[in-house]
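Pasting structure_9.cif here (mmCIF, C-alpha atoms and all ligand atoms):
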```cif
data_coords
#
loop_
_atom_site.label_atom_id
_atom_site.label_comp_id
_atom_site.auth_asym_id
_atom_site.auth_seq_id
_atom_site.Cartn_x
_atom_site.Cartn_y
_atom_site.Cartn_z
CA MET H 1 -14.23 -133.99 -149.40
CA SER H 2 -10.68 -135.35 -149.46
CA PHE H 3 -9.32 -138.33 -147.56
CA GLN H 4 -8.52 -137.93 -143.87
CA HIS H 5 -7.05 -141.33 -142.97
CA VAL H 6 -5.11 -143.54 -145.35
CA ALA H 7 -4.29 -147.19 -144.59
CA ILE H 8 -1.25 -148.51 -146.47
CA ILE H 9 -1.05 -152.30 -146.86
CA GLY H 10 2.48 -153.51 -147.76
CA LEU H 11 5.37 -151.35 -146.55
CA GLY H 12 8.05 -151.88 -149.19
CA LEU H 13 9.28 -149.35 -151.76
CA LEU H 14 5.82 -148.14 -152.82
CA GLY H 15 4.01 -148.35 -149.48
CA GLY H 16 6.89 -146.76 -147.58
CA SER H 17 7.20 -143.97 -150.14
CA ILE H 18 3.47 -143.19 -149.92
CA GLY H 19 3.70 -143.00 -146.10
CA LEU H 20 6.71 -140.65 -146.24
CA ALA H 21 5.20 -138.56 -149.05
CA VAL H 22 1.92 -138.09 -147.13
CA GLU H 23 3.85 -136.92 -144.09
CA ALA H 24 5.90 -134.50 -146.20
CA HIS H 25 3.11 -133.11 -148.40
CA LEU H 26 -0.26 -133.82 -146.75
CA PRO H 27 0.58 -133.51 -143.04
CA ASP H 28 -3.10 -133.32 -142.00
CA VAL H 29 -3.79 -136.80 -143.40
CA LYS H 30 -3.41 -139.64 -140.88
CA THR H 31 -1.58 -142.81 -142.02
CA THR H 32 -1.70 -146.35 -140.67
CA GLY H 33 0.51 -149.04 -142.20
CA TYR H 34 0.53 -152.81 -142.14
CA ASP H 35 2.82 -155.46 -143.65
CA ALA H 36 2.43 -159.22 -143.33
CA ASP H 37 6.13 -159.55 -142.42
CA PRO H 38 6.92 -158.68 -138.75
CA ALA H 39 10.52 -157.77 -139.67
CA VAL H 40 9.21 -155.25 -142.25
CA ARG H 41 6.85 -153.76 -139.63
CA GLU H 42 9.80 -153.32 -137.28
CA ARG H 43 11.85 -151.48 -139.94
CA ALA H 44 8.77 -149.42 -140.85
CA ARG H 45 8.45 -148.29 -137.22
CA ALA H 46 12.15 -147.47 -137.02
CA ARG H 47 11.91 -145.35 -140.20
CA ASN H 48 8.54 -143.77 -139.24
CA LEU H 49 7.07 -144.79 -142.58
CA CYS H 50 3.54 -144.17 -141.22
CA GLY H 51 1.98 -142.39 -138.25
CA THR H 52 0.98 -145.79 -136.81
CA ILE H 53 2.09 -149.31 -137.75
CA ALA H 54 -0.55 -151.93 -136.93
CA ASP H 55 0.25 -155.58 -136.18
CA ASP H 56 -3.07 -156.75 -137.57
CA PRO H 57 -4.59 -156.07 -141.00
CA VAL H 58 -8.11 -155.60 -139.60
CA GLU H 59 -6.84 -152.99 -137.12
CA ALA H 60 -4.85 -151.26 -139.86
CA VAL H 61 -7.91 -150.33 -141.93
CA ARG H 62 -10.28 -149.45 -139.08
CA ASP H 63 -11.40 -145.80 -139.53
CA ALA H 64 -9.51 -145.44 -142.84
CA ASP H 65 -11.44 -143.73 -145.64
CA LEU H 66 -8.81 -144.74 -148.22
CA VAL H 67 -7.00 -148.09 -148.25
CA ILE H 68 -4.08 -148.51 -150.69
CA LEU H 69 -2.75 -152.00 -151.39
CA CYS H 70 1.01 -151.86 -152.04
CA VAL H 71 1.73 -155.60 -152.24
CA PRO H 72 2.84 -157.67 -155.26
CA VAL H 73 0.08 -158.06 -157.84
CA GLY H 74 -0.32 -161.77 -157.02
CA ALA H 75 -0.84 -161.02 -153.31
CA MET H 76 -3.67 -158.44 -153.75
CA ASP H 77 -6.48 -160.94 -153.26
CA ALA H 78 -5.09 -162.46 -150.03
CA ALA H 79 -4.19 -159.03 -148.61
CA ALA H 80 -7.69 -157.65 -149.32
CA LYS H 81 -9.45 -160.65 -147.75
CA ALA H 82 -7.27 -160.31 -144.62
CA PHE H 83 -8.32 -156.70 -143.86
CA ALA H 84 -11.92 -156.89 -145.20
CA PRO H 85 -13.65 -157.35 -141.80
CA GLY H 86 -12.24 -154.02 -140.53
CA LEU H 87 -13.35 -151.81 -143.44
CA LEU H 88 -15.70 -148.85 -143.07
CA PRO H 89 -18.62 -149.29 -145.52
CA GLU H 90 -17.72 -146.00 -147.24
CA ALA H 91 -13.97 -146.69 -147.51
CA VAL H 92 -12.47 -146.39 -151.00
CA ILE H 93 -10.04 -149.18 -151.94
CA SER H 94 -7.14 -148.49 -154.27
CA ASP H 95 -3.77 -150.06 -155.08
CA VAL H 96 -0.48 -149.36 -156.85
CA GLY H 97 -0.11 -152.61 -158.82
CA SER H 98 1.82 -152.56 -162.09
CA SER H 99 -0.93 -154.36 -164.03
CA LYS H 100 -4.52 -153.19 -163.75
CA LEU H 101 -7.14 -155.45 -165.34
CA SER H 102 -6.49 -158.58 -163.26
CA VAL H 103 -6.03 -156.55 -160.05
CA SER H 104 -9.30 -154.72 -160.69
CA GLN H 105 -11.11 -158.02 -161.16
CA SER H 106 -9.58 -159.78 -158.16
CA LEU H 107 -10.23 -156.82 -155.80
CA ALA H 108 -13.84 -156.53 -157.02
CA LYS H 109 -14.30 -160.21 -156.23
CA ALA H 110 -12.58 -160.05 -152.82
CA LEU H 111 -14.43 -156.87 -151.71
CA PRO H 112 -17.79 -156.96 -153.56
CA ASP H 113 -19.45 -154.33 -151.31
CA HIS H 114 -16.77 -151.65 -151.68
CA THR H 115 -15.79 -149.00 -154.18
CA ILE H 116 -12.57 -150.02 -155.88
CA ILE H 117 -10.58 -147.46 -157.86
CA PRO H 118 -7.25 -148.97 -158.98
CA ALA H 119 -4.22 -146.80 -159.70
CA HIS H 120 -0.62 -147.18 -160.86
CA PRO H 121 2.01 -144.59 -160.00
CA VAL H 122 4.52 -144.91 -162.83
CA ALA H 123 7.43 -144.38 -160.48
CA GLY H 124 9.89 -146.78 -158.97
CA THR H 125 13.44 -147.98 -158.63
CA GLU H 126 15.10 -151.40 -158.71
CA GLU H 127 15.18 -151.41 -154.88
CA SER H 128 12.52 -153.02 -152.72
CA GLY H 129 11.66 -153.43 -149.04
CA PRO H 130 11.04 -151.01 -146.14
CA ASP H 131 14.42 -149.27 -146.48
CA ALA H 132 13.87 -148.41 -150.14
CA GLY H 133 11.07 -145.81 -149.82
CA PHE H 134 11.60 -142.04 -150.09
CA SER H 135 9.20 -139.11 -149.99
CA SER H 136 9.94 -137.65 -153.44
CA LEU H 137 9.37 -140.88 -155.42
CA PHE H 138 6.18 -139.52 -157.01
CA HIS H 139 7.43 -135.98 -157.83
CA GLN H 140 6.75 -135.17 -161.48
CA ARG H 141 5.81 -138.77 -162.19
CA TRP H 142 2.60 -139.95 -163.80
CA CYS H 143 -0.06 -141.75 -161.79
CA ILE H 144 -2.60 -143.60 -163.93
CA ILE H 145 -6.03 -144.13 -162.36
CA THR H 146 -8.20 -146.85 -163.96
CA PRO H 147 -11.72 -146.45 -162.54
CA PRO H 148 -14.21 -149.22 -163.30
CA ASP H 149 -17.45 -148.34 -165.13
CA GLY H 150 -19.88 -146.59 -162.80
CA ALA H 151 -17.29 -145.39 -160.23
CA ALA H 152 -18.48 -142.18 -158.53
CA GLU H 153 -16.89 -139.06 -160.05
CA GLY H 154 -16.44 -137.53 -156.59
CA GLN H 155 -14.38 -140.49 -155.39
CA ILE H 156 -12.26 -140.48 -158.54
CA ALA H 157 -11.65 -136.75 -157.99
CA ASN H 158 -10.61 -137.38 -154.37
CA LEU H 159 -8.12 -140.05 -155.41
CA LYS H 160 -6.82 -137.77 -158.15
CA SER H 161 -6.22 -134.92 -155.72
CA PHE H 162 -4.54 -137.31 -153.26
CA TRP H 163 -1.96 -138.32 -155.91
CA GLN H 164 -1.56 -134.72 -157.06
CA GLY H 165 -0.87 -133.85 -153.43
CA LEU H 166 2.06 -136.31 -153.48
CA GLY H 167 3.49 -134.55 -156.56
CA SER H 168 2.13 -136.76 -159.35
CA THR H 169 0.43 -135.78 -162.58
CA VAL H 170 -2.70 -137.87 -162.93
CA GLU H 171 -4.14 -139.48 -166.04
CA ILE H 172 -7.40 -141.46 -166.17
CA MET H 173 -7.29 -144.56 -168.41
CA ASP H 174 -9.17 -147.74 -169.17
CA ALA H 175 -7.53 -150.72 -167.35
CA LYS H 176 -7.07 -152.79 -170.52
CA HIS H 177 -5.44 -149.91 -172.36
CA HIS H 178 -3.17 -149.28 -169.35
CA ASP H 179 -1.98 -152.90 -169.51
CA LEU H 180 -1.14 -152.60 -173.20
CA VAL H 181 0.73 -149.30 -172.81
CA LEU H 182 2.70 -150.53 -169.80
CA ALA H 183 3.52 -153.81 -171.55
CA VAL H 184 5.47 -151.73 -174.10
CA THR H 185 6.97 -149.10 -171.83
CA SER H 186 7.80 -151.20 -168.79
CA HIS H 187 7.06 -154.92 -168.90
CA ILE H 188 8.82 -155.83 -172.18
CA PRO H 189 11.91 -153.70 -171.31
CA HIS H 190 12.16 -155.59 -168.01
CA LEU H 191 11.81 -158.92 -169.83
CA ILE H 192 14.57 -157.94 -172.26
CA ALA H 193 16.84 -156.87 -169.41
CA TYR H 194 16.23 -160.06 -167.43
CA THR H 195 16.94 -162.10 -170.57
CA ILE H 196 20.08 -160.32 -171.79
CA VAL H 197 21.66 -160.31 -168.32
CA GLY H 198 20.88 -164.04 -168.02
CA THR H 199 22.29 -164.73 -171.50
CA ALA H 200 25.50 -162.83 -170.80
CA SER H 201 26.11 -164.58 -167.51
CA ASP H 202 25.51 -168.00 -169.13
CA LEU H 203 27.94 -167.47 -172.03
CA GLU H 204 30.72 -170.02 -171.86
CA GLU H 205 33.08 -168.27 -174.29
CA VAL H 206 33.14 -165.10 -172.16
CA THR H 207 33.94 -165.38 -168.47
CA ARG H 208 31.67 -163.87 -165.83
CA GLY H 209 34.66 -161.77 -164.70
CA GLU H 210 34.89 -160.20 -168.16
CA VAL H 211 31.14 -159.52 -168.27
CA ILE H 212 31.44 -157.52 -165.05
CA LYS H 213 34.77 -155.87 -165.92
CA TYR H 214 33.59 -154.51 -169.30
CA SER H 215 29.97 -153.89 -168.28
CA ALA H 216 30.10 -150.14 -169.09
CA GLY H 217 29.64 -151.10 -172.74
CA GLY H 218 25.85 -151.05 -172.32
CA PHE H 219 25.33 -154.18 -170.22
CA ARG H 220 25.56 -152.19 -166.96
CA ASP H 221 22.37 -150.22 -167.68
CA PHE H 222 20.47 -153.46 -168.28
CA THR H 223 21.71 -154.90 -164.97
CA ARG H 224 20.03 -152.05 -163.07
CA ILE H 225 16.64 -153.04 -164.46
CA ALA H 226 17.40 -156.77 -164.12
CA ALA H 227 18.08 -156.25 -160.39
CA SER H 228 14.37 -155.48 -159.83
CA ASP H 229 12.34 -157.53 -157.37
CA PRO H 230 11.80 -161.10 -158.69
CA VAL H 231 8.45 -161.61 -156.91
CA MET H 232 7.01 -158.36 -158.22
CA TRP H 233 8.05 -159.09 -161.80
CA ARG H 234 7.02 -162.73 -161.77
CA ASP H 235 3.54 -161.52 -160.74
CA VAL H 236 3.45 -158.81 -163.43
CA PHE H 237 4.09 -161.36 -166.20
CA LEU H 238 1.60 -163.84 -164.74
CA ASN H 239 -1.07 -161.13 -164.50
CA ASN H 240 -0.52 -159.15 -167.71
CA ARG H 241 0.00 -162.19 -169.90
CA ASP H 242 -2.13 -161.27 -172.92
CA ALA H 243 -0.83 -157.73 -173.40
CA VAL H 244 2.78 -158.85 -172.86
CA LEU H 245 2.46 -161.70 -175.39
CA ASP H 246 0.90 -159.31 -177.90
CA MET H 247 3.72 -156.77 -177.55
CA LEU H 248 6.38 -159.49 -177.42
CA ASP H 249 5.27 -160.73 -180.86
CA ARG H 250 5.65 -157.18 -182.21
CA PHE H 251 9.09 -156.87 -180.62
CA LEU H 252 10.30 -160.23 -181.94
CA GLY H 253 9.19 -159.18 -185.44
CA ASP H 254 11.21 -155.97 -185.18
CA LEU H 255 14.20 -157.86 -183.78
CA ALA H 256 14.07 -160.23 -186.76
CA LEU H 257 14.13 -157.20 -189.11
CA MET H 258 17.21 -155.90 -187.29
CA ARG H 259 18.92 -159.30 -187.54
CA GLU H 260 18.20 -159.29 -191.27
CA ALA H 261 19.65 -155.78 -191.64
CA ILE H 262 22.86 -156.87 -189.91
CA ARG H 263 23.04 -160.07 -192.00
CA ALA H 264 22.49 -158.11 -195.24
CA GLY H 265 24.84 -155.28 -194.23
CA ASP H 266 21.96 -152.76 -194.50
CA GLY H 267 23.64 -149.81 -192.76
CA GLU H 268 21.00 -147.35 -193.93
CA MET H 269 18.21 -149.25 -192.18
CA MET H 270 20.23 -149.41 -188.95
CA PHE H 271 21.19 -145.74 -189.09
CA ASP H 272 17.55 -144.67 -189.61
CA GLN H 273 16.33 -146.85 -186.75
CA PHE H 274 19.05 -145.72 -184.31
CA SER H 275 18.40 -142.04 -185.18
CA LYS H 276 14.68 -142.47 -184.45
CA THR H 277 15.35 -144.06 -181.07
CA ARG H 278 17.89 -141.37 -180.13
CA ALA H 279 15.18 -138.75 -180.72
CA ILE H 280 12.84 -140.62 -178.34
CA ARG H 281 15.47 -140.50 -175.57
CA ARG H 282 15.81 -136.72 -176.08
CA ARG H 283 12.04 -136.25 -175.82
CA ILE H 284 11.92 -138.22 -172.54
CA VAL H 285 14.61 -135.94 -171.06
CA GLU H 286 12.87 -132.80 -172.40
CA GLN H 287 9.60 -133.87 -170.78
CA GLY H 288 11.32 -134.25 -167.38
CA GLN H 289 10.83 -138.04 -167.25
CA ASP H 290 14.58 -138.64 -166.95
CA ASP H 291 17.79 -136.73 -166.52
CA ALA H 292 20.63 -136.26 -168.99
CA ARG H 293 23.30 -136.55 -166.26
CA PRO H 294 25.50 -139.68 -166.29
CA ASP H 295 23.72 -141.24 -163.27
CA PHE H 296 20.34 -140.10 -164.71
CA GLY H 297 19.95 -137.90 -161.57
CA ARG H 298 19.02 -141.02 -159.62
CA HIS H 299 20.99 -140.12 -156.51
CA ASP H 300 19.25 -136.77 -155.97
CA HIS H 301 16.98 -138.12 -153.25
CA GLU H 302 19.80 -139.46 -151.05
P1 LIG K 1 8.16 -154.46 -152.10
O1 LIG K 1 9.17 -153.41 -151.83
O2 LIG K 1 8.59 -155.89 -152.20
O3 LIG K 1 7.01 -154.34 -151.00
C1 LIG K 1 5.88 -155.19 -150.94
C2 LIG K 1 5.63 -155.52 -149.47
O4 LIG K 1 4.36 -156.18 -149.37
C3 LIG K 1 6.67 -156.48 -148.90
O5 LIG K 1 7.13 -156.00 -147.64
C4 LIG K 1 5.87 -157.77 -148.71
O6 LIG K 1 6.35 -158.57 -147.65
C5 LIG K 1 4.49 -157.22 -148.42
N1 LIG K 1 3.42 -158.21 -148.58
C6 LIG K 1 3.35 -159.27 -149.42
N2 LIG K 1 2.17 -159.90 -149.30
C7 LIG K 1 1.46 -159.22 -148.35
C8 LIG K 1 0.18 -159.37 -147.79
N3 LIG K 1 -0.64 -160.37 -148.17
N4 LIG K 1 -0.23 -158.49 -146.84
C9 LIG K 1 0.57 -157.49 -146.44
N5 LIG K 1 1.82 -157.29 -146.92
C10 LIG K 1 2.26 -158.14 -147.88
O7 LIG K 1 7.37 -154.15 -153.48
P2 LIG K 1 7.10 -152.72 -154.18
O8 LIG K 1 8.19 -152.46 -155.15
O9 LIG K 1 6.75 -151.70 -153.16
O10 LIG K 1 5.83 -153.12 -155.06
C11 LIG K 1 4.52 -153.10 -154.49
C12 LIG K 1 3.49 -152.97 -155.60
O11 LIG K 1 3.78 -151.78 -156.33
C13 LIG K 1 3.50 -154.11 -156.62
O12 LIG K 1 2.18 -154.47 -156.93
C14 LIG K 1 4.19 -153.52 -157.83
O13 LIG K 1 3.70 -154.10 -159.04
C15 LIG K 1 3.82 -152.05 -157.73
N6 LIG K 1 4.77 -151.09 -158.30
C16 LIG K 1 6.12 -151.26 -158.13
C17 LIG K 1 7.00 -150.35 -158.70
C18 LIG K 1 8.49 -150.54 -158.53
O14 LIG K 1 9.26 -149.94 -159.27
N7 LIG K 1 8.96 -151.33 -157.60
C19 LIG K 1 6.52 -149.24 -159.40
C20 LIG K 1 5.12 -149.06 -159.52
C21 LIG K 1 4.25 -149.99 -158.96
P3 LIG K 1 7.36 -159.81 -148.07
O15 LIG K 1 8.46 -159.21 -148.87
O16 LIG K 1 7.79 -160.37 -146.76
O17 LIG K 1 6.52 -160.75 -148.90
#
```
Take the structure in the file and write it out as structure tokens.
Amino acid sequence: MSFQHVAIIGLGLLGGSIGLAVEAHLPDVKTTGYDADPAVRERARARNLCGTIADDPVEAVRDADLVILCVPVGAMDAAAKAFAPGLLPEAVISDVGSSKLSVSQSLAKALPDHTIIPAHPVAGTEESGPDAGFSSLFHQRWCIITPPDGAAEGQIANLKSFWQGLGSTVEIMDAKHHDLVLAVTSHIPHLIAYTIVGTASDLEEVTRGEVIKYSAGGFRDFTRIAASDPVMWRDVFLNNRDAVLDMLDRFLGDLALMREAIRAGDGEMMFDQFSKTRAIRRRIVEQGQDDARPDFGRHDHE
């Protein structure tokens, strides 16, 4: 049996996109949304992000058979405790948080009597808030489900078909492994972008005006990532600390090798490395995970 009524907690980019995607692709599924911020709820009503927008977290989850938390990773615990009294005993609780092990543990603690099946749609943009969501965000994007040991197969299958219904391809993974993989593919790249953009804007020898004027030389693409939501990313690094530190050590080792190659004038080493990375970019485009057009096809949904 699939889900009939989905409650969405947090109506920013992810929550709003789920509401719009359900309306577009699963029109028989009822949606109720809630956000702690009254101004966000007002925008969510104006944009019809969900069938109903509740002003109270307990009311939002009443009658819902699936509740999806779409708040920053550090706010999961407080959000879950706020709606807990309204939950149906059989309701399945899921989320979209970017790190999985700590979220899994904090939700299990906050809602000990409920089935919790965390998930992470690997889809997003640098925008946030209730105006950022769009219905095609999950099209041809991966959604990783990280069920805890002992989760019922039927409920995992229901969650899988829900995400497939929104256009995602679903993969099942262990939460710890998810955190390691995402540390490499998402968290470290964001850390590098935040750092390089900060370094460039702090340079005294180069004016800020010049940094912006000549940004097309590579810097511009980093600024897109470094414009991502500061609360979300602070929480990701606080909650995926071990995996990020592990991967950061690997990265710093590789960076030191590259510095040595430049110092020693080792052009062969650099050429080999840059050829390998170019091939990775081509494979990402071939697999439909990005677009070869100059704006990476990012304006298609507008
Ligand atoms: P967002 O646009 O900032 O939306 C989050 C919303 O949750 C905000 O409106 C926020 O209100 C609200 N909120 C905060 N605490 C709350 C609480 N206790 N109860 C109810 N609402 C609360 O963030 P997002 O980009 O959608 O990210 C949401 C989650 O998705 C995060 O866990 C993130 O790791 C994950 N994720 C993000 C991306 C991405 O690319 N952005 C991709 C995949 C997964 P205030 O702003 O007023 O605090």
Excluding Gly97 (chain H) and residues on its chain fewer than 6 positions from it, collect all residues at most 10 Å away from it, counting all atoms listed in the file, and give them as a PyMOL selection string. chain H and resi 14+68-74+76+103-104+118-122+232+235-236
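Separating CA of Leu182 (chain H) from CA of Leu101 (chain H) is a distance of 11.9 Å.
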Edge lengths and centre in Å to one decimal, as lines of an AutoDock Vina configuration file, is what I'm after for the box along x, y and z that holds all listed atoms of ligand LIG 1 (chain K) once 6 Å is added on each side.
```
center_x = 4.3
center_y = -154.9
center_z = -153.0
size_x = 21.9
size_y = 23.7
size_z = 25.1
```
List all protein, DNA and RNA residues that have any atom at most 9 Å from ligand LIG 1 (chain K), counting only C-alpha atoms and all ligand atoms, and write the list as an mmCIF file with C-alpha atoms, in the coordinates of the input.
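Here's the written file result25.cif:
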```
data_model
loop_
_atom_site.group_PDB
_atom_site.id
_atom_site.type_symbol
_atom_site.label_atom_id
_atom_site.label_comp_id
_atom_site.auth_asym_id
_atom_site.auth_seq_id
_atom_site.Cartn_x
_atom_site.Cartn_y
_atom_site.Cartn_z
ATOM 1 C CA ILE H 9 -1.050 -152.300 -146.860
ATOM 2 C CA GLY H 10 2.480 -153.510 -147.760
ATOM 3 C CA LEU H 11 5.370 -151.350 -146.550
ATOM 4 C CA GLY H 12 8.050 -151.880 -149.190
ATOM 5 C CA LEU H 13 9.280 -149.350 -151.760
ATOM 6 C CA LEU H 14 5.820 -148.140 -152.820
ATOM 7 C CA GLY H 15 4.010 -148.350 -149.480
ATOM 8 C CA GLY H 16 6.890 -146.760 -147.580
ATOM 9 C CA SER H 17 7.200 -143.970 -150.140
ATOM 10 C CA TYR H 34 0.530 -152.810 -142.140
ATOM 11 C CA ASP H 35 2.820 -155.460 -143.650
ATOM 12 C CA ALA H 36 2.430 -159.220 -143.330
ATOM 13 C CA ASP H 37 6.130 -159.550 -142.420
ATOM 14 C CA PRO H 38 6.920 -158.680 -138.750
ATOM 15 C CA ALA H 39 10.520 -157.770 -139.670
ATOM 16 C CA VAL H 40 9.210 -155.250 -142.250
ATOM 17 C CA ARG H 41 6.850 -153.760 -139.630
ATOM 18 C CA PRO H 57 -4.590 -156.070 -141.000
ATOM 19 C CA LEU H 69 -2.750 -152.000 -151.390
ATOM 20 C CA CYS H 70 1.010 -151.860 -152.040
ATOM 21 C CA VAL H 71 1.730 -155.600 -152.240
ATOM 22 C CA PRO H 72 2.840 -157.670 -155.260
ATOM 23 C CA VAL H 73 0.080 -158.060 -157.840
ATOM 24 C CA GLY H 74 -0.320 -161.770 -157.020
ATOM 25 C CA ALA H 75 -0.840 -161.020 -153.310
ATOM 26 C CA MET H 76 -3.670 -158.440 -153.750
ATOM 27 C CA ASP H 77 -6.480 -160.940 -153.260
ATOM 28 C CA ALA H 78 -5.090 -162.460 -150.030
ATOM 29 C CA ALA H 79 -4.190 -159.030 -148.610
ATOM 30 C CA ALA H 80 -7.690 -157.650 -149.320
ATOM 31 C CA LYS H 81 -9.450 -160.650 -147.750
ATOM 32 C CA ALA H 82 -7.270 -160.310 -144.620
ATOM 33 C CA PHE H 83 -8.320 -156.700 -143.860
ATOM 34 C CA ASP H 95 -3.770 -150.060 -155.080
ATOM 35 C CA VAL H 96 -0.480 -149.360 -156.850
ATOM 36 C CA GLY H 97 -0.110 -152.610 -158.820
ATOM 37 C CA SER H 98 1.820 -152.560 -162.090
ATOM 38 C CA SER H 99 -0.930 -154.360 -164.030
ATOM 39 C CA HIS H 120 -0.620 -147.180 -160.860
ATOM 40 C CA PRO H 121 2.010 -144.590 -160.000
ATOM 41 C CA VAL H 122 4.520 -144.910 -162.830
ATOM 42 C CA ALA H 123 7.430 -144.380 -160.480
ATOM 43 C CA GLY H 124 9.890 -146.780 -158.970
ATOM 44 C CA THR H 125 13.440 -147.980 -158.630
ATOM 45 C CA GLU H 126 15.100 -151.400 -158.710
ATOM 46 C CA GLU H 127 15.180 -151.410 -154.880
ATOM 47 C CA SER H 128 12.520 -153.020 -152.720
ATOM 48 C CA GLY H 129 11.660 -153.430 -149.040
ATOM 49 C CA PRO H 130 11.040 -151.010 -146.140
ATOM 50 C CA ASP H 131 14.420 -149.270 -146.480
ATOM 51 C CA ALA H 132 13.870 -148.410 -150.140
ATOM 52 C CA GLY H 133 11.070 -145.810 -149.820
ATOM 53 C CA SER H 228 14.370 -155.480 -159.830
ATOM 54 C CA ASP H 229 12.340 -157.530 -157.370
ATOM 55 C CA PRO H 230 11.800 -161.100 -158.690
ATOM 56 C CA VAL H 231 8.450 -161.610 -156.910
ATOM 57 C CA MET H 232 7.010 -158.360 -158.220
ATOM 58 C CA TRP H 233 8.050 -159.090 -161.800
ATOM 59 C CA ASP H 235 3.540 -161.520 -160.740
ATOM 60 C CA VAL H 236 3.450 -158.810 -163.430
#
```
If we count all atoms listed in the file and set the cut-off at 12 Å, which residues sit around Phe162 (chain H), ignoring sequence neighbours fewer than 2 positions away in its own chain? Please answer as a PyMOL selection string. chain H and resi 1-6+18+21-22+25-26+29+66+68+94+119+121+138+143+145+155-160+164-170
Find the residue from H:Ala64, H:Leu248, H:Met270, H:Ile280 that sits nearest to Val184 (chain H); use only C-alpha atoms when measuring. H:Leu248
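Take CA of Leu88 (chain H) and CA of Val58 (chain H): the distance between them is 10.7 Å.
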How far is it from CA of Thr32 (chain H) to CA of Ile172 (chain H), in Å with one decimal?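 Going from CA of Thr32 (chain H) over to CA of Ile172 (chain H), I get 26.6 Å.
With all atoms listed in the file as the basis for measurement, H:Asp113 is the residue among H:Asp290, H:Asp113, H:Asp65, H:Glu171 that approaches Ala84 (chain H) most closely.
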Go through H:Arg234, H:Arg293, H:Arg278, H:Arg224 and flag the residue nearest His187 (chain H), using all atoms listed in the file for the distances.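 Ranked by minimum distance to His187 (chain H), first place goes to H:Arg234.
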Just the residues within 7 Å of Met173 (chain H), please, counting all atoms listed in the file, with nothing from its chain fewer than 3 positions along; format it as a list in words. Ile144, Ile145, Thr146, His177 and His178 of chain H
Just-selected residues, C-alpha atoms written as a PDB file, in the frame of the given file:
```pdb
ATOM      1  CA  ILE H 144      -2.600-143.600-163.930  1.00  0.00           C
ATOM      2  CA  ILE H 145      -6.030-144.130-162.360  1.00  0.00           C
ATOM      3  CA  THR H 146      -8.200-146.850-163.960  1.00  0.00           C
ATOM      4  CA  HIS H 177      -5.440-149.910-172.360  1.00  0.00           C
ATOM      5  CA  HIS H 178      -3.170-149.280-169.350  1.00  0.00           C
TER       6      HIS H 178
END
```
